[in-house]
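Student: Structure file final_11.txt (compact mmCIF, C-alpha atoms and all ligand atoms) is given on the next line.
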```txt
# COMPACT_ATOMS: atom_id res chain seq x y z
CA MET A 1 4.57 5.05 21.20
CA MET A 2 1.10 5.02 22.66
CA ALA A 3 -1.40 2.50 21.29
CA THR A 4 -3.55 5.44 20.23
CA THR A 5 -0.69 6.93 18.17
CA HIS A 6 -0.43 3.59 16.37
CA ALA A 7 -4.21 3.54 15.89
CA PHE A 8 -4.04 7.01 14.31
CA ALA A 9 -1.22 5.85 12.01
CA GLY A 10 -3.47 2.93 11.01
CA LEU A 11 -6.30 5.37 10.39
CA LEU A 12 -3.98 7.32 8.10
CA VAL A 13 -3.21 4.11 6.17
CA ALA A 14 -6.98 3.65 5.78
CA ALA A 15 -7.45 7.27 4.66
CA ALA A 16 -4.72 6.87 2.03
CA ALA A 17 -6.15 3.53 0.84
CA SER A 18 -9.62 5.04 0.68
CA ALA A 19 -8.39 8.08 -1.29
CA VAL A 20 -6.53 5.87 -3.78
CA THR A 21 -9.31 3.31 -4.29
CA GLY A 22 -12.34 5.58 -3.90
CA ASP A 23 -13.78 3.13 -1.37
CA ALA A 24 -14.76 5.14 1.72
CA ALA A 25 -16.63 2.34 3.53
CA PRO A 26 -16.52 2.72 7.34
CA LEU A 27 -15.19 -0.86 7.51
CA VAL A 28 -11.96 0.25 5.80
CA PHE A 29 -11.37 3.00 8.38
CA ALA A 30 -12.31 0.72 11.28
CA ALA A 31 -9.81 -1.85 9.92
CA GLY A 32 -7.09 0.82 9.90
CA LEU A 33 -7.80 1.91 13.47
CA PHE A 34 -8.03 -1.63 14.79
CA GLY A 35 -5.02 -2.85 12.80
CA GLY A 36 -2.95 -0.01 14.24
CA LEU A 37 -4.02 -0.97 17.74
CA PHE A 38 -3.90 -4.75 17.39
CA PRO A 39 -0.21 -5.64 18.01
CA ASP A 40 -0.30 -4.09 21.49
CA PHE A 41 -2.78 -6.73 22.64
CA ASP A 42 0.38 -8.68 23.49
CA LEU A 43 1.09 -6.21 26.30
CA TYR A 44 0.74 -8.91 28.97
CA ALA A 45 2.27 -11.80 27.04
CA GLY A 46 5.59 -11.28 25.29
CA HIS A 47 5.10 -7.60 24.57
CA ARG A 48 6.47 -6.35 21.23
CA LYS A 49 7.11 -9.93 20.17
CA THR A 50 3.99 -12.13 20.30
CA LEU A 51 1.82 -9.97 18.01
CA HIS A 52 4.49 -7.67 16.55
CA PHE A 53 5.66 -8.74 13.08
CA PRO A 54 7.61 -5.94 11.40
CA VAL A 55 8.87 -8.11 8.53
CA TYR A 56 6.33 -10.93 8.12
CA GLY A 57 3.50 -8.48 8.77
CA ALA A 58 4.67 -6.18 6.00
CA LEU A 59 4.90 -9.17 3.67
CA ALA A 60 1.36 -10.27 4.59
CA GLY A 61 0.13 -6.70 4.04
CA VAL A 62 1.69 -6.50 0.58
CA LEU A 63 0.21 -9.90 -0.35
CA ALA A 64 -3.22 -8.79 0.86
CA ALA A 65 -2.92 -5.56 -1.15
CA GLY A 66 -2.10 -7.70 -4.18
CA ALA A 67 -5.13 -9.88 -3.49
CA TYR A 68 -7.30 -6.76 -3.32
CA LEU A 69 -5.96 -5.61 -6.71
CA LEU A 70 -6.97 -9.01 -8.13
CA VAL A 71 -10.40 -9.54 -6.57
CA GLY A 72 -11.44 -6.05 -5.40
CA GLY A 73 -14.19 -5.46 -2.85
CA THR A 74 -14.42 -3.65 0.46
CA LEU A 75 -13.66 -6.75 2.52
CA ALA A 76 -10.37 -7.44 0.72
CA LEU A 77 -9.41 -3.76 1.03
CA ALA A 78 -10.22 -3.76 4.76
CA LEU A 79 -8.09 -6.89 5.27
CA ALA A 80 -5.13 -5.31 3.44
CA VAL A 81 -5.50 -2.08 5.43
CA PHE A 82 -5.68 -4.04 8.70
CA LEU A 83 -2.50 -6.01 7.93
CA LEU A 84 -0.58 -2.97 6.66
CA ALA A 85 -1.61 -0.92 9.71
CA ALA A 86 -0.50 -3.72 12.06
CA ALA A 87 2.83 -4.09 10.22
CA LEU A 88 3.36 -0.31 10.32
CA HIS A 89 2.73 -0.41 14.07
CA ALA A 90 5.32 -3.16 14.60
CA ALA A 91 7.95 -1.52 12.38
CA SER A 92 7.43 1.97 13.82
CA ASP A 93 7.87 0.73 17.39
CA VAL A 94 11.56 1.00 16.53
CA LEU A 95 11.19 4.80 16.50
CA GLY A 96 10.10 4.86 20.14
CA GLY A 97 11.67 3.84 23.45
CA GLY A 98 12.59 0.44 24.86
CA LEU A 99 10.66 -2.05 26.94
CA GLU A 100 11.69 -0.85 30.41
CA LEU A 101 9.22 0.43 33.00
CA ARG A 102 10.70 3.94 32.82
CA PRO A 103 11.57 4.19 29.11
CA TRP A 104 12.68 7.83 29.53
CA GLU A 105 15.78 6.46 31.28
CA GLY A 106 16.73 4.68 28.07
CA THR A 107 18.11 1.50 29.63
CA SER A 108 16.49 -1.12 27.36
CA GLU A 109 17.89 -2.05 23.96
CA ARG A 110 14.70 -3.87 22.97
CA ALA A 111 12.24 -1.95 20.77
CA VAL A 112 10.52 -4.67 18.75
CA TYR A 113 11.25 -8.30 17.85
CA ASP A 114 12.01 -9.22 14.25
CA HIS A 115 10.89 -12.84 13.84
CA PHE A 116 12.36 -13.03 10.33
CA ASN A 117 15.94 -12.35 11.48
CA GLY A 118 15.41 -13.60 15.04
CA VAL A 119 16.71 -10.40 16.64
CA TRP A 120 15.42 -7.47 18.68
CA TRP A 121 15.55 -4.13 16.88
CA ARG A 122 17.01 -1.43 19.08
CA PRO A 123 14.97 1.66 20.01
CA ARG A 124 15.84 4.84 18.04
CA ARG A 125 13.96 7.05 20.57
CA TRP A 126 12.80 9.69 18.06
CA ILE A 127 9.75 9.56 20.31
CA ARG A 128 11.54 9.15 23.62
CA TYR A 129 8.90 7.01 25.34
CA ASP A 130 5.21 6.14 25.07
CA GLY A 131 3.16 9.00 26.41
CA ALA A 132 5.90 11.61 25.80
CA PRO A 133 4.62 15.04 24.74
CA GLU A 134 5.93 14.47 21.20
CA ASP A 135 4.02 11.17 21.14
CA ALA A 136 0.73 12.99 21.76
CA LEU A 137 1.61 15.63 19.13
CA VAL A 138 2.52 13.08 16.43
CA GLY A 139 -0.70 11.21 17.23
CA LEU A 140 -2.78 14.37 16.84
CA ALA A 141 -1.17 15.17 13.48
CA LEU A 142 -1.69 11.61 12.21
CA ALA A 143 -5.35 11.66 13.28
CA VAL A 144 -6.36 14.73 11.23
CA PRO A 145 -6.79 13.22 7.72
CA GLY A 146 -8.68 10.21 9.09
CA TYR A 147 -10.85 12.39 11.31
CA LEU A 148 -11.85 14.49 8.31
CA ALA A 149 -12.54 11.40 6.18
CA VAL A 150 -14.90 9.64 8.60
CA SER A 151 -18.22 10.58 10.16
CA GLY A 152 -20.69 9.40 12.79
CA THR A 153 -19.56 6.82 15.34
CA LEU A 154 -16.06 6.51 13.90
CA ARG A 155 -15.52 10.26 14.20
CA THR A 156 -16.65 10.13 17.85
CA LEU A 157 -14.26 7.23 18.40
CA VAL A 158 -11.34 9.20 16.93
CA LEU A 159 -12.17 12.16 19.17
CA ALA A 160 -12.37 9.89 22.22
CA ALA A 161 -8.98 8.38 21.32
CA VAL A 162 -7.50 11.89 21.06
CA VAL A 163 -8.75 12.64 24.59
CA VAL A 164 -7.26 9.35 25.84
CA SER A 165 -3.95 10.15 24.12
CA VAL A 166 -3.56 13.59 25.64
CA GLY A 167 -4.80 12.37 29.04
CA TYR A 168 -2.35 9.47 29.08
CA ALA A 169 0.55 11.73 28.09
CA ALA A 170 -0.38 14.01 30.98
CA VAL A 171 -0.25 11.26 33.62
CA ARG A 172 2.44 8.98 32.10
CA LYS A 173 5.24 9.80 34.55
CA PRO A 174 3.14 10.32 37.72
CA MET A 175 1.50 6.93 36.98
CA VAL A 176 4.82 5.08 37.38
CA ALA A 177 5.57 6.95 40.61
CA LEU A 178 2.13 5.91 41.90
CA ALA A 179 2.78 2.27 40.93
CA GLU A 180 6.06 2.40 42.83
CA ARG A 181 4.34 3.73 45.93
CA LEU A 182 1.61 1.06 45.66
CA VAL A 183 4.17 -1.74 45.43
CA ALA A 184 6.12 -0.31 48.37
CA ALA A 185 2.93 -0.21 50.45
CA THR A 186 1.77 -3.73 49.52
CA PRO A 187 2.65 -6.55 51.98
CA ALA A 188 4.98 -9.20 50.56
CA PRO A 189 2.45 -12.10 50.79
CA VAL A 190 0.08 -10.11 48.54
CA LEU A 191 2.84 -9.19 46.09
CA ALA A 192 3.47 -12.91 45.61
CA TYR A 193 0.21 -13.03 43.65
CA VAL A 194 1.07 -10.09 41.39
CA PRO A 195 2.69 -11.08 38.07
CA ALA A 196 6.46 -10.56 38.33
CA ARG A 197 6.75 -8.11 35.43
CA PHE A 198 4.66 -5.56 37.35
CA VAL A 199 6.78 -5.81 40.43
CA GLU A 200 10.41 -6.51 39.59
CA ASP A 201 11.03 -3.24 37.73
CA VAL A 202 9.36 -1.24 40.49
CA ALA A 203 10.54 -2.89 43.68
ZN ZN A 301 3.68 -1.95 19.83
```
If you convert what's in this file into structure tokens, what do you get?
Tutor:
Amino acid sequence: MMATTHAFAGLLVAAAASAVTGDAAPLVFAAGLFGGLFPDFDLYAGHRKTLHFPVYGALAGVLAAGAYLLVGGTLALALAVFLLAAALHAASDVLGGGLELRPWEGTSERAVYDHFNGVWWRPRRWIRYDGAPEDALVGLALAVPGYLAVSGTLRTLVLAAVVVSVGYAAVRKPMVALAERLVAATPAPVLAYVPARFVEDVA
């Protein structure tokens, strides 16, 4: 799934938390958006493993929610929303495609790493690959409640993310073809300086 789809799912977590608690502080919604996005910051270093914690993350989120129930306050709520959104991201990566460069070919059996059991969860491919048309559609649907609940800068941010989502889905496949052509056209001595993971799948 696209990072933006995860961000919208995080926003939905925030919208639900805000509706239940009556706390509609922008910080809570920002925490949902950012928490949904956060695990994919491991894209260049152990993707879907380094910052993806489907089991421990969920545990941390539940503990933080418990802490909020005890102490209250916007900050505690935002922390719980952040952790739950990040855990939801990690766990829901299992619904998408694998880690390969062309996930629509379905050759990878690695969706997300479960640190608790020390195994990779296999991709279910309900959303066939990140940037698939159904990915953009699910993202749009997830974004609606959050979009309606926020205002000002956050609302602009959600709109911008929707544009990015749809734009990325539109160029997802041509982008890989372009990368392949770039690698083919790059002289070998230059390729030596490009990190292997960008080259080996393409070349
Ligand atoms: Zn992810």
Student: Find the residues around Leu137 (chain A) up to 10 Å (only C-alpha atoms counted), leave out those fewer than 3 positions away in its own chain, and share them as a list in words.
Tutor: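 Near Leu137 (chain A), the qualifying residues are Thr5, Gly131, Ala132, Pro133, Glu134, Leu140, Ala141, Leu142, Ala143, Ser165, Val166 and Ala169 of chain A.
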Student: One number please: CA of Ala149 (chain A) to CA of Leu33 (chain A), in Å, one decimal.
Tutor: 12.9 Å
Student: Taking the point (4.2, -2.7, 15.9) as given in the file, collect each protein or nucleic acid residue that comes within 12 Å of it, counting all atoms listed in the file, and present the set as a ChimeraX atom specification.
Tutor: /A:1-3,5-7,9-10,35-43,47-58,83-96,111-114,121
Student: Please write the residues from the selection above to a file, keeping C-alpha atoms, as a PDB file, keeping the file's coordinate frame.
Tutor:
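Writing done, so here's selection.pdb:
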```pdb
ATOM      1  CA  MET A   1       4.570   5.050  21.200  1.00  0.00           C
ATOM      2  CA  MET A   2       1.100   5.020  22.660  1.00  0.00           C
ATOM      3  CA  ALA A   3      -1.400   2.500  21.290  1.00  0.00           C
ATOM      4  CA  THR A   5      -0.690   6.930  18.170  1.00  0.00           C
ATOM      5  CA  HIS A   6      -0.430   3.590  16.370  1.00  0.00           C
ATOM      6  CA  ALA A   7      -4.210   3.540  15.890  1.00  0.00           C
ATOM      7  CA  ALA A   9      -1.220   5.850  12.010  1.00  0.00           C
ATOM      8  CA  GLY A  10      -3.470   2.930  11.010  1.00  0.00           C
ATOM      9  CA  GLY A  35      -5.020  -2.850  12.800  1.00  0.00           C
ATOM     10  CA  GLY A  36      -2.950  -0.010  14.240  1.00  0.00           C
ATOM     11  CA  LEU A  37      -4.020  -0.970  17.740  1.00  0.00           C
ATOM     12  CA  PHE A  38      -3.900  -4.750  17.390  1.00  0.00           C
ATOM     13  CA  PRO A  39      -0.210  -5.640  18.010  1.00  0.00           C
ATOM     14  CA  ASP A  40      -0.300  -4.090  21.490  1.00  0.00           C
ATOM     15  CA  PHE A  41      -2.780  -6.730  22.640  1.00  0.00           C
ATOM     16  CA  ASP A  42       0.380  -8.680  23.490  1.00  0.00           C
ATOM     17  CA  LEU A  43       1.090  -6.210  26.300  1.00  0.00           C
ATOM     18  CA  HIS A  47       5.100  -7.600  24.570  1.00  0.00           C
ATOM     19  CA  ARG A  48       6.470  -6.350  21.230  1.00  0.00           C
ATOM     20  CA  LYS A  49       7.110  -9.930  20.170  1.00  0.00           C
ATOM     21  CA  THR A  50       3.990 -12.130  20.300  1.00  0.00           C
ATOM     22  CA  LEU A  51       1.820  -9.970  18.010  1.00  0.00           C
ATOM     23  CA  HIS A  52       4.490  -7.670  16.550  1.00  0.00           C
ATOM     24  CA  PHE A  53       5.660  -8.740  13.080  1.00  0.00           C
ATOM     25  CA  PRO A  54       7.610  -5.940  11.400  1.00  0.00           C
ATOM     26  CA  VAL A  55       8.870  -8.110   8.530  1.00  0.00           C
ATOM     27  CA  TYR A  56       6.330 -10.930   8.120  1.00  0.00           C
ATOM     28  CA  GLY A  57       3.500  -8.480   8.770  1.00  0.00           C
ATOM     29  CA  ALA A  58       4.670  -6.180   6.000  1.00  0.00           C
ATOM     30  CA  LEU A  83      -2.500  -6.010   7.930  1.00  0.00           C
ATOM     31  CA  LEU A  84      -0.580  -2.970   6.660  1.00  0.00           C
ATOM     32  CA  ALA A  85      -1.610  -0.920   9.710  1.00  0.00           C
ATOM     33  CA  ALA A  86      -0.500  -3.720  12.060  1.00  0.00           C
ATOM     34  CA  ALA A  87       2.830  -4.090  10.220  1.00  0.00           C
ATOM     35  CA  LEU A  88       3.360  -0.310  10.320  1.00  0.00           C
ATOM     36  CA  HIS A  89       2.730  -0.410  14.070  1.00  0.00           C
ATOM     37  CA  ALA A  90       5.320  -3.160  14.600  1.00  0.00           C
ATOM     38  CA  ALA A  91       7.950  -1.520  12.380  1.00  0.00           C
ATOM     39  CA  SER A  92       7.430   1.970  13.820  1.00  0.00           C
ATOM     40  CA  ASP A  93       7.870   0.730  17.390  1.00  0.00           C
ATOM     41  CA  VAL A  94      11.560   1.000  16.530  1.00  0.00           C
ATOM     42  CA  LEU A  95      11.190   4.800  16.500  1.00  0.00           C
ATOM     43  CA  GLY A  96      10.100   4.860  20.140  1.00  0.00           C
ATOM     44  CA  ALA A 111      12.240  -1.950  20.770  1.00  0.00           C
ATOM     45  CA  VAL A 112      10.520  -4.670  18.750  1.00  0.00           C
ATOM     46  CA  TYR A 113      11.250  -8.300  17.850  1.00  0.00           C
ATOM     47  CA  ASP A 114      12.010  -9.220  14.250  1.00  0.00           C
ATOM     48  CA  TRP A 121      15.550  -4.130  16.880  1.00  0.00           C
TER      49      TRP A 121
END
```
Student: Taking (-11.8, -1.2, 8.9) in the file's own coordinates, collect the residues within 10 Å, counting only C-alpha atoms, and hand them back as number ranges by chain.
Tutor: A: 10-11, 14, 25-35, 74-75, 77-82
Student: Looking at all atoms listed in the file, which of A:Ile127, A:Leu99, A:Ala16, A:Ala65 is the one that sits closest to ligand ZN 301 (chain A)?
Tutor: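 With all atoms listed in the file as the atom set, the closest residue is A:Leu99.
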Student: Name the closest residue to ligand ZN 301 (chain A) among the candidates A:Arg155, A:Arg125, A:Asp130, A:Met175; distances are taken between atoms, counting all atoms listed in the file.
Tutor: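 Smallest distance to ligand ZN 301 (chain A) is found for A:Asp130.
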